[in-house]
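See below for model_5.pdb, which holds PDB, C-alpha atoms and all ligand atoms.
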```pdb
ATOM      1  CA  MET A1202     -67.505 -30.302  33.822
ATOM      2  CA  HIS A1203     -65.716 -27.896  36.132
ATOM      3  CA  ILE A1204     -63.592 -24.992  34.932
ATOM      4  CA  HIS A1205     -60.730 -24.135  37.307
ATOM      5  CA  THR A1206     -59.099 -20.701  37.323
ATOM      6  CA  LEU A1207     -55.303 -20.869  37.671
ATOM      7  CA  PRO A1208     -53.703 -17.429  38.054
ATOM      8  CA  ALA A1209     -50.164 -17.323  36.615
ATOM      9  CA  LEU A1210     -47.413 -14.755  36.079
ATOM     10  CA  THR A1211     -48.569 -11.170  36.750
ATOM     11  CA  ASP A1212     -52.080 -11.255  35.317
ATOM     12  CA  ASN A1213     -52.498 -14.425  33.218
ATOM     13  CA  TYR A1214     -55.135 -17.089  33.683
ATOM     14  CA  ILE A1215     -54.591 -20.715  32.747
ATOM     15  CA  TRP A1216     -57.928 -22.507  32.388
ATOM     16  CA  MET A1217     -58.219 -26.134  33.467
ATOM     17  CA  ILE A1218     -61.373 -28.062  32.572
ATOM     18  CA  GLY A1219     -61.985 -31.178  34.615
ATOM     19  CA  VAL A1220     -64.451 -33.900  33.609
ATOM     20  CA  ASN A1221     -64.516 -36.917  35.916
ATOM     21  CA  HIS A1222     -60.778 -37.708  36.188
ATOM     22  CA  ASP A1223     -59.746 -36.171  32.875
ATOM     23  CA  ALA A1224     -58.478 -32.658  32.284
ATOM     24  CA  LEU A1225     -57.953 -30.196  29.496
ATOM     25  CA  MET A1226     -55.685 -27.132  29.816
ATOM     26  CA  VAL A1227     -56.017 -23.921  27.849
ATOM     27  CA  ASP A1228     -52.851 -21.833  27.347
ATOM     28  CA  PRO A1229     -50.665 -23.339  30.099
ATOM     29  CA  GLY A1230     -48.050 -20.601  30.278
ATOM     30  CA  VAL A1231     -46.397 -21.923  33.438
ATOM     31  CA  GLY A1232     -45.788 -25.666  33.758
ATOM     32  CA  GLU A1233     -45.324 -25.755  37.543
ATOM     33  CA  ILE A1234     -48.703 -24.116  38.178
ATOM     34  CA  ALA A1235     -50.504 -26.386  35.722
ATOM     35  CA  LEU A1236     -48.884 -29.550  37.115
ATOM     36  CA  ALA A1237     -49.629 -28.591  40.720
ATOM     37  CA  ALA A1238     -53.309 -28.009  39.876
ATOM     38  CA  LEU A1239     -53.610 -31.374  38.098
ATOM     39  CA  GLN A1240     -52.106 -33.109  41.130
ATOM     40  CA  THR A1241     -54.244 -31.262  43.661
ATOM     41  CA  GLU A1242     -57.431 -32.154  41.766
ATOM     42  CA  CYS A1243     -56.248 -35.721  40.918
ATOM     43  CA  LEU A1244     -56.816 -35.115  37.221
ATOM     44  CA  ASN A1245     -55.159 -36.826  34.275
ATOM     45  CA  LEU A1246     -54.202 -34.392  31.501
ATOM     46  CA  LYS A1247     -55.696 -35.503  28.180
ATOM     47  CA  ALA A1248     -55.402 -32.401  26.017
ATOM     48  CA  ILE A1249     -53.963 -28.894  25.721
ATOM     49  CA  LEU A1250     -55.561 -26.121  23.659
ATOM     50  CA  ILE A1251     -53.365 -23.206  22.559
ATOM     51  CA  THR A1252     -54.771 -19.888  21.311
ATOM     52  CA  HIS A1253     -51.484 -18.434  20.029
ATOM     53  CA  SER A1254     -47.760 -18.878  20.381
ATOM     54  CA  HIS A1255     -46.798 -16.064  22.776
ATOM     55  CA  HIS A1256     -44.623 -17.416  25.556
ATOM     56  CA  ASP A1257     -47.039 -16.631  28.389
ATOM     57  CA  HIS A1258     -49.502 -19.052  26.706
ATOM     58  CA  ILE A1259     -47.187 -21.910  25.703
ATOM     59  CA  GLY A1260     -44.363 -21.794  28.269
ATOM     60  CA  GLY A1261     -45.647 -24.807  30.212
ATOM     61  CA  ILE A1262     -46.269 -27.198  27.288
ATOM     62  CA  ASP A1263     -42.954 -29.080  27.473
ATOM     63  CA  MET A1264     -43.183 -29.693  31.197
ATOM     64  CA  LEU A1265     -46.776 -30.949  30.863
ATOM     65  CA  LEU A1266     -46.021 -33.255  27.937
ATOM     66  CA  GLU A1267     -43.023 -34.686  29.768
ATOM     67  CA  ARG A1268     -45.340 -35.749  32.597
ATOM     68  CA  TYR A1269     -48.339 -36.583  30.327
ATOM     69  CA  PRO A1270     -46.750 -37.701  27.016
ATOM     70  CA  ASP A1271     -50.058 -38.938  25.595
ATOM     71  CA  ALA A1272     -51.887 -35.632  26.006
ATOM     72  CA  GLN A1273     -53.003 -34.188  22.670
ATOM     73  CA  LEU A1274     -51.847 -30.692  21.772
ATOM     74  CA  PHE A1275     -54.138 -28.545  19.600
ATOM     75  CA  GLY A1276     -53.319 -25.099  18.251
ATOM     76  CA  PRO A1277     -52.391 -22.841  15.332
ATOM     77  CA  ALA A1278     -49.517 -23.779  13.023
ATOM     78  CA  SER A1279     -47.048 -21.352  14.643
ATOM     79  CA  VAL A1280     -46.961 -23.252  17.968
ATOM     80  CA  PRO A1281     -43.425 -24.658  18.070
ATOM     81  CA  HIS A1282     -44.007 -28.290  18.999
ATOM     82  CA  PHE A1283     -43.647 -31.489  16.971
ATOM     83  CA  GLN A1284     -46.676 -33.052  18.686
ATOM     84  CA  LEU A1285     -48.988 -30.237  17.592
ATOM     85  CA  LYS A1286     -52.254 -31.079  15.873
ATOM     86  CA  LYS A1287     -52.939 -27.998  13.718
ATOM     87  CA  VAL A1288     -56.547 -26.858  13.783
ATOM     88  CA  HIS A1289     -58.409 -24.393  11.604
ATOM     89  CA  HIS A1290     -61.375 -22.025  11.553
ATOM     90  CA  ASP A1291     -64.782 -23.698  11.949
ATOM     91  CA  GLU A1292     -63.295 -27.114  12.667
ATOM     92  CA  ILE A1293     -65.054 -29.111  15.415
ATOM     93  CA  ILE A1294     -62.619 -30.842  17.754
ATOM     94  CA  HIS A1295     -63.158 -33.348  20.550
ATOM     95  CA  PRO A1296     -60.190 -32.963  22.911
ATOM     96  CA  LEU A1297     -62.001 -34.882  25.665
ATOM     97  CA  PRO A1298     -64.518 -37.688  25.126
ATOM     98  CA  ASP A1299     -68.023 -36.238  24.637
ATOM     99  CA  MET A1300     -66.724 -32.680  24.620
ATOM    100  CA  SER A1301     -66.898 -30.599  21.452
ATOM    101  CA  PHE A1302     -65.278 -27.275  20.668
ATOM    102  CA  ARG A1303     -65.670 -25.160  17.570
ATOM    103  CA  VAL A1304     -62.446 -23.465  16.494
ATOM    104  CA  ILE A1305     -62.868 -19.770  15.676
ATOM    105  CA  ALA A1306     -60.058 -17.951  13.862
ATOM    106  CA  THR A1307     -59.565 -14.499  15.405
ATOM    107  CA  PRO A1308     -56.710 -12.711  13.618
ATOM    108  CA  GLY A1309     -55.381  -9.387  14.895
ATOM    109  CA  HIS A1310     -53.297  -9.934  18.031
ATOM    110  CA  THR A1311     -51.408 -12.540  15.954
ATOM    111  CA  HIS A1312     -52.181 -13.675  12.395
ATOM    112  CA  ASP A1313     -53.199 -17.177  13.412
ATOM    113  CA  HIS A1314     -54.820 -16.565  16.813
ATOM    114  CA  LEU A1315     -57.582 -19.081  17.569
ATOM    115  CA  CYS A1316     -60.481 -19.159  20.026
ATOM    116  CA  TYR A1317     -62.235 -22.319  21.202
ATOM    117  CA  PHE A1318     -65.982 -22.342  21.766
ATOM    118  CA  GLN A1319     -67.240 -25.172  23.965
ATOM    119  CA  LEU A1320     -70.542 -26.066  22.355
ATOM    120  CA  ASP A1321     -72.514 -27.731  25.163
ATOM    121  CA  GLU A1322     -71.601 -25.326  27.960
ATOM    122  CA  GLN A1323     -71.275 -22.272  25.704
ATOM    123  CA  ALA A1324     -67.897 -21.296  27.082
ATOM    124  CA  LEU A1325     -65.459 -19.316  24.971
ATOM    125  CA  PHE A1326     -61.699 -19.588  25.523
ATOM    126  CA  CYS A1327     -60.401 -16.564  23.698
ATOM    127  CA  GLY A1328     -56.769 -16.073  24.748
ATOM    128  CA  ASP A1329     -55.690 -12.530  23.884
ATOM    129  CA  ALA A1330     -58.307 -11.886  21.158
ATOM    130  CA  LEU A1331     -60.998 -10.473  23.449
ATOM    131  CA  PHE A1332     -60.622  -9.224  27.025
ATOM    132  CA  SER A1333     -63.332  -7.999  29.328
ATOM    133  CA  ALA A1334     -63.917  -4.387  28.201
ATOM    134  CA  GLY A1335     -61.055  -4.636  25.715
ATOM    135  CA  CYS A1336     -59.150  -6.644  23.129
ATOM    136  CA  GLY A1337     -55.572  -7.721  22.507
ATOM    137  CA  ARG A1338     -53.028  -5.384  20.982
ATOM    138  CA  LEU A1339     -52.681  -5.623  17.195
ATOM    139  CA  PHE A1340     -49.165  -7.073  17.048
ATOM    140  CA  GLU A1341     -49.568  -8.731  13.645
ATOM    141  CA  GLY A1342     -52.998  -7.879  12.236
ATOM    142  CA  ASN A1343     -54.810  -4.687  11.204
ATOM    143  CA  GLY A1344     -58.244  -3.162  11.687
ATOM    144  CA  GLU A1345     -59.779  -5.398   8.987
ATOM    145  CA  ASP A1346     -58.567  -8.483  10.838
ATOM    146  CA  LEU A1347     -59.901  -7.132  14.105
ATOM    147  CA  TRP A1348     -63.306  -6.499  12.520
ATOM    148  CA  VAL A1349     -63.457 -10.077  11.196
ATOM    149  CA  SER A1350     -62.631 -11.386  14.676
ATOM    150  CA  MET A1351     -64.976  -9.111  16.600
ATOM    151  CA  GLN A1352     -67.888  -9.985  14.276
ATOM    152  CA  ARG A1353     -67.304 -13.681  14.918
ATOM    153  CA  LEU A1354     -67.255 -13.206  18.688
ATOM    154  CA  ARG A1355     -70.209 -10.801  18.782
ATOM    155  CA  ALA A1356     -72.283 -13.396  16.904
ATOM    156  CA  LEU A1357     -71.921 -15.975  19.703
ATOM    157  CA  PRO A1358     -74.917 -16.656  21.977
ATOM    158  CA  GLU A1359     -75.444 -13.900  24.569
ATOM    159  CA  VAL A1360     -75.100 -16.377  27.451
ATOM    160  CA  THR A1361     -71.621 -17.440  26.323
ATOM    161  CA  ARG A1362     -69.166 -17.213  29.206
ATOM    162  CA  VAL A1363     -65.922 -15.535  28.160
ATOM    163  CA  PHE A1364     -62.694 -17.013  29.522
ATOM    164  CA  CYS A1365     -59.925 -14.720  28.356
ATOM    165  CA  ALA A1366     -56.249 -15.091  29.292
ATOM    166  CA  HIS A1367     -55.598 -11.889  31.245
ATOM    167  CA  GLU A1368     -57.063  -9.959  34.170
ATOM    168  CA  TYR A1369     -57.084  -6.554  32.476
ATOM    169  CA  THR A1370     -60.695  -5.614  33.235
ATOM    170  CA  ALA A1371     -60.118  -2.736  35.693
ATOM    171  CA  SER A1372     -57.573  -0.925  33.524
ATOM    172  CA  ASN A1373     -59.653  -1.528  30.395
ATOM    173  CA  LEU A1374     -62.681  -0.008  32.130
ATOM    174  CA  ARG A1375     -60.711   3.142  33.020
ATOM    175  CA  PHE A1376     -60.119   3.632  29.296
ATOM    176  CA  VAL A1377     -63.759   2.927  28.402
ATOM    177  CA  GLN A1378     -65.081   5.361  31.046
ATOM    178  CA  ASP A1379     -62.873   8.075  29.561
ATOM    179  CA  LEU A1380     -63.836   7.222  25.962
ATOM    180  CA  TRP A1381     -67.538   6.501  26.435
ATOM    181  CA  PRO A1382     -68.768   8.445  29.502
ATOM    182  CA  GLU A1383     -72.412   8.281  28.330
ATOM    183  CA  ASN A1384     -72.463   4.512  28.853
ATOM    184  CA  SER A1385     -74.102   3.856  32.242
ATOM    185  CA  HIS A1386     -73.389   0.110  32.005
ATOM    186  CA  VAL A1387     -69.680   0.921  32.094
ATOM    187  CA  VAL A1388     -70.085   3.125  35.174
ATOM    188  CA  ASP A1389     -72.115   0.458  36.989
ATOM    189  CA  TYR A1390     -69.863  -2.407  36.014
ATOM    190  CA  SER A1391     -66.714  -0.470  37.011
ATOM    191  CA  GLN A1392     -68.009  -0.299  40.582
ATOM    192  CA  ILE A1393     -68.581  -4.051  40.660
ATOM    193  CA  VAL A1394     -65.103  -4.709  39.253
ATOM    194  CA  THR A1395     -63.439  -2.365  41.756
ATOM    195  CA  LYS A1396     -65.053  -4.228  44.650
ATOM    196  CA  ARG A1397     -64.159  -7.599  43.219
ATOM    197  CA  ARG A1398     -60.528  -6.657  42.666
ATOM    198  CA  GLN A1399     -60.234  -5.140  46.147
ATOM    199  CA  SER A1400     -61.079  -8.573  47.529
ATOM    200  CA  GLN A1401     -58.692 -10.220  45.014
ATOM    201  CA  GLN A1402     -61.516 -11.949  43.133
ATOM    202  CA  PRO A1403     -61.153 -12.595  39.395
ATOM    203  CA  THR A1404     -63.486 -10.691  37.042
ATOM    204  CA  ILE A1405     -63.251 -13.517  34.519
ATOM    205  CA  PRO A1406     -65.288 -15.244  33.149
ATOM    206  CA  SER A1407     -67.264 -12.434  31.657
ATOM    207  CA  MET A1408     -70.252 -12.982  29.369
ATOM    208  CA  ILE A1409     -70.951 -12.023  25.753
ATOM    209  CA  ASP A1410     -74.096 -10.016  26.607
ATOM    210  CA  LEU A1411     -72.165  -8.020  29.219
ATOM    211  CA  GLU A1412     -69.305  -7.445  26.784
ATOM    212  CA  LYS A1413     -71.757  -6.240  24.127
ATOM    213  CA  SER A1414     -72.892  -3.548  26.572
ATOM    214  CA  ILE A1415     -69.442  -2.365  27.790
ATOM    215  CA  ASN A1416     -66.742  -3.395  25.324
ATOM    216  CA  PRO A1417     -65.994  -0.710  22.699
ATOM    217  CA  PHE A1418     -64.372  -3.271  20.400
ATOM    218  CA  LEU A1419     -67.731  -5.070  20.081
ATOM    219  CA  ASN A1420     -69.424  -1.708  19.376
ATOM    220  CA  TRP A1421     -67.686  -0.474  16.229
ATOM    221  CA  ASP A1422     -71.119   0.559  14.888
ATOM    222  CA  HIS A1423     -72.449   2.355  18.004
ATOM    223  CA  PRO A1424     -73.334   5.981  17.095
ATOM    224  CA  GLN A1425     -71.874   7.416  20.333
ATOM    225  CA  LEU A1426     -68.529   5.707  19.748
ATOM    226  CA  ILE A1427     -68.401   6.627  16.070
ATOM    227  CA  ARG A1428     -69.068  10.266  17.039
ATOM    228  CA  ARG A1429     -66.312  10.195  19.672
ATOM    229  CA  ILE A1430     -63.783   8.619  17.294
ATOM    230  CA  CYS A1431     -64.636  11.225  14.631
ATOM    231  CA  GLU A1432     -64.112  14.041  17.169
ATOM    232  CA  GLN A1433     -60.707  12.609  18.044
ATOM    233  CA  ASN A1434     -59.737  11.886  14.406
ATOM    234  CA  PRO A1435     -61.218  14.594  12.154
ATOM    235  CA  GLY A1436     -61.882  13.357   8.612
ATOM    236  CA  ILE A1437     -61.596   9.656   9.502
ATOM    237  CA  SER A1438     -63.595   7.145   7.464
ATOM    238  CA  THR A1439     -66.408   5.583   9.507
ATOM    239  CA  ASP A1440     -66.135   2.056   8.102
ATOM    240  CA  PRO A1441     -65.795  -0.586  10.842
ATOM    241  CA  ALA A1442     -62.111  -1.366  10.206
ATOM    242  CA  SER A1443     -61.151   2.320  10.453
ATOM    243  CA  ILE A1444     -63.208   2.808  13.616
ATOM    244  CA  LEU A1445     -61.664  -0.278  15.213
ATOM    245  CA  THR A1446     -58.146   0.801  14.211
ATOM    246  CA  ALA A1447     -58.729   4.216  15.778
ATOM    247  CA  LEU A1448     -60.219   2.622  18.917
ATOM    248  CA  ARG A1449     -57.212   0.345  19.310
ATOM    249  CA  GLN A1450     -54.806   3.276  18.755
ATOM    250  CA  ALA A1451     -56.670   5.330  21.375
ATOM    251  CA  LYS A1452     -56.312   2.426  23.824
ATOM    252  CA  ASP A1453     -52.582   2.082  23.030
ATOM    253  CA  ARG A1454     -52.098   5.805  23.795
ATOM    254  CA  PHE A1455     -54.235   5.840  26.961
ATOM    255  CA  ARG A1456     -52.417   6.177  30.287
TER     256      ARG A1456
HETATM  257 ZN    ZN B   1     -50.451 -12.687  23.286
END
```

Show me this structure written as structure tokens.
Amino acid sequence: MHIHTLPALTDNYIWMIGVNHDALMVDPGVGEIALAALQTECLNLKAILITHSHHDHIGGIDMLLERYPDAQLFGPASVPHFQLKKVHHDEIIHPLPDMSFRVIATPGHTHDHLCYFQLDEQALFCGDALFSAGCGRLFEGNGEDLWVSMQRLRALPEVTRVFCAHEYTASNLRFVQDLWPENSHVVDYSQIVTKRRQSQQPTIPSMIDLEKSINPFLNWDHPQLIRRICEQNPGISTDPASILTALRQAKDRFR
């Protein structure tokens, strides 16, 4: 199994998994880019996994299914396509022969956002639920939803590689350095990311153990972060949903 990184639009990644001559696409937002990659690698598209129905994740579906009409489309109910196979939390799916994914519901960014955890290779395709050093904006969900989602992702094996849908790492780390200056992992990792971005290298995939050390949204119960959030929001409740709501609001305000 080989996972190809296809940059698209300003800062999106489409993920293409190739096994022998078969391929699986995750969140093909741009049809031309996805088709060109399939042709270059001589791969036959068998399946498409969708995390949520924002256009930069589904924009290429029609073009792909026109060329590969037998490809199976998996995703949440809100994906607007008659060929969609709706999938649900904790379901195990086999989009390619001998390849299993566990579906993980991660509400918050959208109500029905899904992640896909590849069981054998321990690779997580998490769309806009989790980013490196950040998380997706709460367009539809609230802090309770975000807590449910972050608990599910934090519980994954530490060696899980994290394939999110956007290259937001550098700007996320600027926020985290400002919010959590005591965290030396953030300082160290920021230097690595700066170098990588200067040479136009992706910072994705990340890994769950790295994210646990730098990502504030996976650290709703860290005493330093709780203290900081309480300083910024006097009188706030320190339950996880309130802390995560305040963290997300601080990120939304950060420039
Ligand atoms: Zn989105």

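Near Arg1362 (chain A), within 9 Å and counting all atoms listed in the file, sit Glu1322, Gln1323, Ala1324, Leu1325, Phe1326, Ile1405, Pro1406, Ser1407, Met1408 and Ile1409 of chain A; same-chain residues fewer than 5 positions away were not included.
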
Residues of region 1346-1430 of chain A that have any atom at most 12 Å from an atom of region 1438-1441 of chain A: could you tabulate them with the shortest-distance atom pair and the distance in Å to one decimal, using all atoms listed in the file, ordered by chain and increasing number, as JSON lines?
```
{"residue": "A:Asp1346", "atom": "CA", "partner": "A:Pro1441", "partner_atom": "CA", "distance": 10.7}
{"residue": "A:Leu1347", "atom": "CA", "partner": "A:Pro1441", "partner_atom": "CA", "distance": 9.4}
{"residue": "A:Trp1348", "atom": "CA", "partner": "A:Pro1441", "partner_atom": "CA", "distance": 6.6}
{"residue": "A:Val1349", "atom": "CA", "partner": "A:Pro1441", "partner_atom": "CA", "distance": 9.8}
{"residue": "A:Ser1350", "atom": "CA", "partner": "A:Pro1441", "partner_atom": "CA", "distance": 11.9}
{"residue": "A:Met1351", "atom": "CA", "partner": "A:Pro1441", "partner_atom": "CA", "distance": 10.3}
{"residue": "A:Gln1352", "atom": "CA", "partner": "A:Pro1441", "partner_atom": "CA", "distance": 10.2}
{"residue": "A:Pro1417", "atom": "CA", "partner": "A:Pro1441", "partner_atom": "CA", "distance": 11.9}
{"residue": "A:Phe1418", "atom": "CA", "partner": "A:Pro1441", "partner_atom": "CA", "distance": 10.0}
{"residue": "A:Leu1419", "atom": "CA", "partner": "A:Pro1441", "partner_atom": "CA", "distance": 10.5}
{"residue": "A:Asn1420", "atom": "CA", "partner": "A:Pro1441", "partner_atom": "CA", "distance": 9.3}
{"residue": "A:Trp1421", "atom": "CA", "partner": "A:Pro1441", "partner_atom": "CA", "distance": 5.7}
{"residue": "A:Asp1422", "atom": "CA", "partner": "A:Pro1441", "partner_atom": "CA", "distance": 6.8}
{"residue": "A:His1423", "atom": "CA", "partner": "A:Pro1441", "partner_atom": "CA", "distance": 10.2}
{"residue": "A:Pro1424", "atom": "CA", "partner": "A:Thr1439", "partner_atom": "CA", "distance": 10.3}
{"residue": "A:Leu1426", "atom": "CA", "partner": "A:Thr1439", "partner_atom": "CA", "distance": 10.5}
{"residue": "A:Ile1427", "atom": "CA", "partner": "A:Thr1439", "partner_atom": "CA", "distance": 6.9}
{"residue": "A:Arg1428", "atom": "CA", "partner": "A:Thr1439", "partner_atom": "CA", "distance": 9.3}
{"residue": "A:Arg1429", "atom": "CA", "partner": "A:Thr1439", "partner_atom": "CA", "distance": 11.2}
{"residue": "A:Ile1430", "atom": "CA", "partner": "A:Thr1439", "partner_atom": "CA", "distance": 8.8}
```

Residues as selected, C-alpha atoms, written as an mmCIF file, keeping the file's coordinate frame, can you do that?
```cif
data_model
loop_
_atom_site.group_PDB
_atom_site.id
_atom_site.type_symbol
_atom_site.label_atom_id
_atom_site.label_comp_id
_atom_site.auth_asym_id
_atom_site.auth_seq_id
_atom_site.Cartn_x
_atom_site.Cartn_y
_atom_site.Cartn_z
ATOM 1 C CA ASP A 1346 -58.567 -8.483 10.838
ATOM 2 C CA LEU A 1347 -59.901 -7.132 14.105
ATOM 3 C CA TRP A 1348 -63.306 -6.499 12.520
ATOM 4 C CA VAL A 1349 -63.457 -10.077 11.196
ATOM 5 C CA SER A 1350 -62.631 -11.386 14.676
ATOM 6 C CA MET A 1351 -64.976 -9.111 16.600
ATOM 7 C CA GLN A 1352 -67.888 -9.985 14.276
ATOM 8 C CA PRO A 1417 -65.994 -0.710 22.699
ATOM 9 C CA PHE A 1418 -64.372 -3.271 20.400
ATOM 10 C CA LEU A 1419 -67.731 -5.070 20.081
ATOM 11 C CA ASN A 1420 -69.424 -1.708 19.376
ATOM 12 C CA TRP A 1421 -67.686 -0.474 16.229
ATOM 13 C CA ASP A 1422 -71.119 0.559 14.888
ATOM 14 C CA HIS A 1423 -72.449 2.355 18.004
ATOM 15 C CA PRO A 1424 -73.334 5.981 17.095
ATOM 16 C CA LEU A 1426 -68.529 5.707 19.748
ATOM 17 C CA ILE A 1427 -68.401 6.627 16.070
ATOM 18 C CA ARG A 1428 -69.068 10.266 17.039
ATOM 19 C CA ARG A 1429 -66.312 10.195 19.672
ATOM 20 C CA ILE A 1430 -63.783 8.619 17.294
#
```

Closest of A:Ala1237, A:Leu1266, A:Val1227, A:Cys1336 to Ile1204 (chain A) - atom-to-atom distances counting all atoms listed in the file: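 Looking only at the distances to Ile1204 (chain A), the closest residue turns out to be A:Val1227.
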
Where does chain A meet ligand ZN 1 (chain B) within 10 Å, residue by residue, with the nearest atom pair and distance in Å to one decimal for each, counting all atoms listed in the file, listed by chain and rising number, as CSV?
```
residue,atom,partner,partner_atom,distance
A:Thr1252,CA,B:ZN1,ZN,8.6
A:His1253,CA,B:ZN1,ZN,6.7
A:Ser1254,CA,B:ZN1,ZN,7.3
A:His1255,CA,B:ZN1,ZN,5.0
A:His1256,CA,B:ZN1,ZN,7.8
A:Asp1257,CA,B:ZN1,ZN,7.3
A:His1258,CA,B:ZN1,ZN,7.3
A:His1310,CA,B:ZN1,ZN,6.6
A:Thr1311,CA,B:ZN1,ZN,7.4
A:His1314,CA,B:ZN1,ZN,8.7
A:Gly1328,CA,B:ZN1,ZN,7.3
A:Asp1329,CA,B:ZN1,ZN,5.3
A:Ala1330,CA,B:ZN1,ZN,8.2
A:Gly1337,CA,B:ZN1,ZN,7.2
A:Arg1338,CA,B:ZN1,ZN,8.1
A:Leu1339,CA,B:ZN1,ZN,9.6
A:Phe1340,CA,B:ZN1,ZN,8.5
A:Ala1366,CA,B:ZN1,ZN,8.7
A:His1367,CA,B:ZN1,ZN,9.5
```

With all atoms listed in the file as the counted atoms, please give the residues lying no more than 8 Å from Ala1306 (chain A), apart from itself and same-chain residues fewer than 5 positions off, as a PyMOL selection string. chain A and resi 1289-1291+1313-1316+1350

Could you add the missing atoms to region 1219-1234 of chain A, up to N, CA, C and O atoms, and return them as a PDB file, in the coordinates of the input?
```pdb
ATOM      1  N   GLY A1219     -61.995 -29.820  34.095  1.00  0.00           N
ATOM      2  CA  GLY A1219     -61.985 -31.178  34.615  1.00  0.00           C
ATOM      3  C   GLY A1219     -63.318 -31.866  34.343  1.00  0.00           C
ATOM      4  O   GLY A1219     -64.382 -31.283  34.575  1.00  0.00           O
ATOM      5  N   VAL A1220     -63.251 -33.078  33.816  1.00  0.00           N
ATOM      6  CA  VAL A1220     -64.451 -33.900  33.609  1.00  0.00           C
ATOM      7  C   VAL A1220     -64.126 -35.278  34.167  1.00  0.00           C
ATOM      8  O   VAL A1220     -63.218 -35.944  33.667  1.00  0.00           O
ATOM      9  N   ASN A1221     -64.847 -35.683  35.193  1.00  0.00           N
ATOM     10  CA  ASN A1221     -64.516 -36.917  35.916  1.00  0.00           C
ATOM     11  C   ASN A1221     -63.034 -36.855  36.320  1.00  0.00           C
ATOM     12  O   ASN A1221     -62.671 -35.941  37.034  1.00  0.00           O
ATOM     13  N   HIS A1222     -62.194 -37.780  35.801  1.00  0.00           N
ATOM     14  CA  HIS A1222     -60.778 -37.708  36.188  1.00  0.00           C
ATOM     15  C   HIS A1222     -59.893 -37.191  35.070  1.00  0.00           C
ATOM     16  O   HIS A1222     -58.668 -37.249  35.165  1.00  0.00           O
ATOM     17  N   ASP A1223     -60.519 -36.677  34.006  1.00  0.00           N
ATOM     18  CA  ASP A1223     -59.746 -36.171  32.875  1.00  0.00           C
ATOM     19  C   ASP A1223     -59.681 -34.641  32.908  1.00  0.00           C
ATOM     20  O   ASP A1223     -60.580 -33.992  33.441  1.00  0.00           O
ATOM     21  N   ALA A1224     -58.618 -34.111  32.310  1.00  0.00           N
ATOM     22  CA  ALA A1224     -58.478 -32.658  32.284  1.00  0.00           C
ATOM     23  C   ALA A1224     -58.003 -32.171  30.931  1.00  0.00           C
ATOM     24  O   ALA A1224     -57.343 -32.890  30.169  1.00  0.00           O
ATOM     25  N   LEU A1225     -58.352 -30.921  30.695  1.00  0.00           N
ATOM     26  CA  LEU A1225     -57.953 -30.196  29.496  1.00  0.00           C
ATOM     27  C   LEU A1225     -57.405 -28.862  29.989  1.00  0.00           C
ATOM     28  O   LEU A1225     -57.989 -28.254  30.885  1.00  0.00           O
ATOM     29  N   MET A1226     -56.264 -28.427  29.433  1.00  0.00           N
ATOM     30  CA  MET A1226     -55.685 -27.132  29.816  1.00  0.00           C
ATOM     31  C   MET A1226     -55.767 -26.189  28.624  1.00  0.00           C
ATOM     32  O   MET A1226     -55.523 -26.609  27.488  1.00  0.00           O
ATOM     33  N   VAL A1227     -56.069 -24.934  28.899  1.00  0.00           N
ATOM     34  CA  VAL A1227     -56.017 -23.921  27.849  1.00  0.00           C
ATOM     35  C   VAL A1227     -54.890 -22.946  28.180  1.00  0.00           C
ATOM     36  O   VAL A1227     -54.854 -22.372  29.277  1.00  0.00           O
ATOM     37  N   ASP A1228     -53.961 -22.792  27.234  1.00  0.00           N
ATOM     38  CA  ASP A1228     -52.851 -21.833  27.347  1.00  0.00           C
ATOM     39  C   ASP A1228     -52.055 -21.984  28.647  1.00  0.00           C
ATOM     40  O   ASP A1228     -51.931 -21.024  29.431  1.00  0.00           O
ATOM     41  N   PRO A1229     -51.460 -23.160  28.875  1.00  0.00           N
ATOM     42  CA  PRO A1229     -50.665 -23.339  30.099  1.00  0.00           C
ATOM     43  C   PRO A1229     -49.310 -22.637  29.986  1.00  0.00           C
ATOM     44  O   PRO A1229     -48.324 -23.231  29.554  1.00  0.00           O
ATOM     45  N   GLY A1230     -49.269 -21.396  30.404  1.00  0.00           N
ATOM     46  CA  GLY A1230     -48.050 -20.601  30.278  1.00  0.00           C
ATOM     47  C   GLY A1230     -46.971 -20.990  31.263  1.00  0.00           C
ATOM     48  O   GLY A1230     -45.783 -20.768  31.010  1.00  0.00           O
ATOM     49  N   VAL A1231     -47.365 -21.576  32.389  1.00  0.00           N
ATOM     50  CA  VAL A1231     -46.397 -21.923  33.438  1.00  0.00           C
ATOM     51  C   VAL A1231     -46.620 -23.387  33.836  1.00  0.00           C
ATOM     52  O   VAL A1231     -47.659 -23.734  34.408  1.00  0.00           O
ATOM     53  N   GLY A1232     -45.646 -24.233  33.533  1.00  0.00           N
ATOM     54  CA  GLY A1232     -45.788 -25.666  33.758  1.00  0.00           C
ATOM     55  C   GLY A1232     -45.996 -26.037  35.220  1.00  0.00           C
ATOM     56  O   GLY A1232     -46.826 -26.895  35.549  1.00  0.00           O
ATOM     57  N   GLU A1233     -45.245 -25.393  36.120  1.00  0.00           N
ATOM     58  CA  GLU A1233     -45.324 -25.755  37.543  1.00  0.00           C
ATOM     59  C   GLU A1233     -46.736 -25.540  38.085  1.00  0.00           C
ATOM     60  O   GLU A1233     -47.249 -26.362  38.848  1.00  0.00           O
ATOM     61  N   ILE A1234     -47.350 -24.439  37.686  1.00  0.00           N
ATOM     62  CA  ILE A1234     -48.703 -24.116  38.178  1.00  0.00           C
ATOM     63  C   ILE A1234     -49.713 -25.112  37.625  1.00  0.00           C
ATOM     64  O   ILE A1234     -50.578 -25.620  38.351  1.00  0.00           O
TER      65      ILE A1234
END
```
